[in-house]
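Student: Here you go, one structure.
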Amino acid sequence: MSQIKSVLSNERGFMLLNVVFLTVITSFAAMILMNAAPRARNHQSTLRLTAIYLATEQFAELESLAAREDISGNQPFLGNKDDLTSNNLGADNPIEFEVTTTVSGGRAKVKVTWQVGEDEFKIDLERTIGSVQE
Amino acid sequence: MFRNNGGGFVVAEFAIALPLLILLMYGLATVSVQIFSLGKEQLADYVLEAEAQYVMEQIRQVARTAREVEISPSGGKVKFVYHVVADKKSNKIEATSVNGHYVFINNDVLETQYFMLYTKKGRTAPNLYAKRNDDGNYSTPITGDNYFGDTKVNYLKCNVDADKKLLHVSLEMESLVTERKIKLDTAVYMPNYKAGG
């Protein structure tokens, strides 16, 4: 204890304290900076939401079609074709969605895919159709 | 002149440490402001997304059982009408409580309206309101009026395809904080829909 006191009471001790304090403050600042860097917004939730509503649109079209006639096999996108392009990521970065549908045994499987940069994303949804009666 | 005493050392220390500290504090302040603004933007984005999803889900749920759909020519109002079975007391629409007794609406029609109220200056910040005929209170809008993530509805377009019994819904909302837009499109199959009411 007396040794520490003697070290701190001279100039070398003062310098030592300075170095310690500056290091702590610099580390703290660096930690905040490094935490702030990856704080970019993840827009996938918005695109996933858009894709889910596109799939819902396709399901509604399939339900409507199934109420009028028997359907099975692969189906094209029956909704509004303009809905397949979304500007939800920004007007200068339009995203194209692709909807593929397979109907078998009264069940429809809808797969929606989209691409952001080089990354591909998809959602798979399934619903029973054709059993809706008035 | 300071070499022979401790004072010179302290001045040198201050000369080096003070600018360093000022730089550090400036950096920290800048980063803090950036974090706050990023957080505010992200919150506003999430509010925008959540409100758009909420409106779409509400319309999707209500339209599913709709028997009639009325859309105002300006597009600012959509009314879904569906009939409920009124032969059972439990199915009647509970309107209000008068002296401890419930009063029921006599007709068997339940209406849900979604509409925008416009200010005198025009479409400054239209919010969407929802109203049911058994509950006339629509003082609070279902979108907008948030301090950190205020939004406005750019348009709510509904088109009915009577032959297919389909309702196409297109909603575009904009955040007044980040000015980002979100547009959602979907369709709802209405098995009970009767063309012409």
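Labels for the structure tokens follow display order: chains A, B, ..., residues from 1 in each chain, ligands from 1.
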At a cut-off of 12 Å, using only C-alpha atoms, what residues contact Lys122 (chain A)? Leave out same-chain residues fewer than 6 positions from it and give the result as a short mmCIF file (atom, residue, chain, number, x, y, z; two decimals) with N, CA and C atoms, in the first residue's frame.
Tutor:
```cif
data_model
loop_
_atom_site.label_atom_id
_atom_site.label_comp_id
_atom_site.auth_asym_id
_atom_site.auth_seq_id
_atom_site.Cartn_x
_atom_site.Cartn_y
_atom_site.Cartn_z
N GLN A 44 -35.56 -6.53 -44.47
CA GLN A 44 -36.16 -7.80 -44.87
C GLN A 44 -37.57 -7.97 -44.32
N LEU A 47 -39.96 -6.43 -46.75
CA LEU A 47 -40.11 -7.20 -47.98
C LEU A 47 -40.86 -8.51 -47.71
N ARG A 48 -40.61 -9.10 -46.54
CA ARG A 48 -41.31 -10.34 -46.19
C ARG A 48 -42.82 -10.06 -46.06
N LEU A 49 -43.13 -8.92 -45.46
CA LEU A 49 -44.54 -8.53 -45.31
C LEU A 49 -45.19 -8.34 -46.68
N THR A 50 -44.47 -7.67 -47.58
CA THR A 50 -44.97 -7.47 -48.94
C THR A 50 -45.21 -8.82 -49.61
N ALA A 51 -44.28 -9.75 -49.42
CA ALA A 51 -44.38 -11.08 -50.03
C ALA A 51 -45.57 -11.85 -49.46
N ILE A 52 -45.78 -11.73 -48.16
CA ILE A 52 -46.91 -12.44 -47.53
C ILE A 52 -48.23 -11.94 -48.11
N ALA A 55 -48.73 -13.36 -51.52
CA ALA A 55 -49.19 -14.75 -51.42
C ALA A 55 -50.67 -14.78 -51.05
N PHE A 97 -40.77 -9.58 -57.35
CA PHE A 97 -41.18 -10.81 -56.67
C PHE A 97 -41.63 -11.84 -57.71
N GLU A 98 -41.37 -13.07 -57.40
CA GLU A 98 -41.82 -14.15 -58.28
C GLU A 98 -42.70 -15.09 -57.47
N VAL A 99 -43.87 -15.39 -58.01
CA VAL A 99 -44.83 -16.23 -57.28
C VAL A 99 -45.04 -17.53 -58.05
N THR A 100 -44.75 -18.64 -57.41
CA THR A 100 -45.03 -19.94 -58.04
C THR A 100 -46.05 -20.69 -57.18
N VAL A 110 -47.93 -21.87 -52.13
CA VAL A 110 -47.45 -20.67 -52.81
C VAL A 110 -46.05 -20.35 -52.33
N LYS A 111 -45.15 -20.18 -53.30
CA LYS A 111 -43.77 -19.81 -52.95
C LYS A 111 -43.49 -18.44 -53.56
N VAL A 112 -43.06 -17.52 -52.72
CA VAL A 112 -42.71 -16.18 -53.20
C VAL A 112 -41.20 -16.01 -53.02
N THR A 113 -40.52 -15.65 -54.11
CA THR A 113 -39.07 -15.43 -54.03
C THR A 113 -38.73 -14.01 -54.47
N TRP A 114 -37.66 -13.49 -53.93
CA TRP A 114 -37.17 -12.17 -54.33
C TRP A 114 -35.67 -12.10 -54.07
N GLN A 115 -35.05 -11.12 -54.70
CA GLN A 115 -33.60 -11.01 -54.64
C GLN A 115 -33.22 -9.59 -54.23
N VAL A 116 -32.31 -9.50 -53.26
CA VAL A 116 -31.75 -8.20 -52.88
C VAL A 116 -30.25 -8.30 -53.08
#
```
Student: Please return, as a ChimeraX atom specification, all residues of chain B lying within 6 Å of chain A when only C-alpha atoms are considered.
Tutor: /B:164,182,184,186-189,191-192
Student: Generate the output file for the selected residues, C-alpha atoms, as a PDB file, in the first residue's frame.
Tutor:
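Saved result, part_17.pdb, follows:
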```pdb
ATOM      1  CA  LYS B 164     -64.812 -13.179 -58.944  1.00  0.00           C
ATOM      2  CA  ILE B 182     -44.599   1.419 -47.806  1.00  0.00           C
ATOM      3  CA  LEU B 184     -48.935  -3.226 -49.699  1.00  0.00           C
ATOM      4  CA  THR B 186     -53.487  -7.894 -51.542  1.00  0.00           C
ATOM      5  CA  ALA B 187     -56.827  -9.411 -52.445  1.00  0.00           C
ATOM      6  CA  VAL B 188     -59.587 -10.892 -50.330  1.00  0.00           C
ATOM      7  CA  TYR B 189     -62.082 -13.496 -51.452  1.00  0.00           C
ATOM      8  CA  PRO B 191     -67.701 -15.788 -50.418  1.00  0.00           C
ATOM      9  CA  ASN B 192     -70.838 -14.025 -49.128  1.00  0.00           C
TER      10      ASN B 192
END
```
Student: Counting only C-alpha atoms, what is within 8 Å of Thr128 (chain A), bar same-chain residues fewer than 5 positions away, as number ranges by chain?
Tutor: A: 106-108
Student: Can I get the selected residues back with C-alpha atoms, as a short mmCIF file (atom, residue, chain, number, x, y, z; two decimals), in the first residue's frame?
Tutor:
```cif
data_model
loop_
_atom_site.label_atom_id
_atom_site.label_comp_id
_atom_site.auth_asym_id
_atom_site.auth_seq_id
_atom_site.Cartn_x
_atom_site.Cartn_y
_atom_site.Cartn_z
CA GLY A 106 -57.58 -28.84 -52.53
CA ARG A 107 -54.35 -27.50 -51.03
CA ALA A 108 -52.41 -24.66 -52.55
#
```
Student: With only C-alpha atoms as the atoms that count, which of B:Pro141, B:Pro19, B:Gly39, B:Gly8 lies nearest to Phe115 (chain B)?
Tutor: B:Pro141
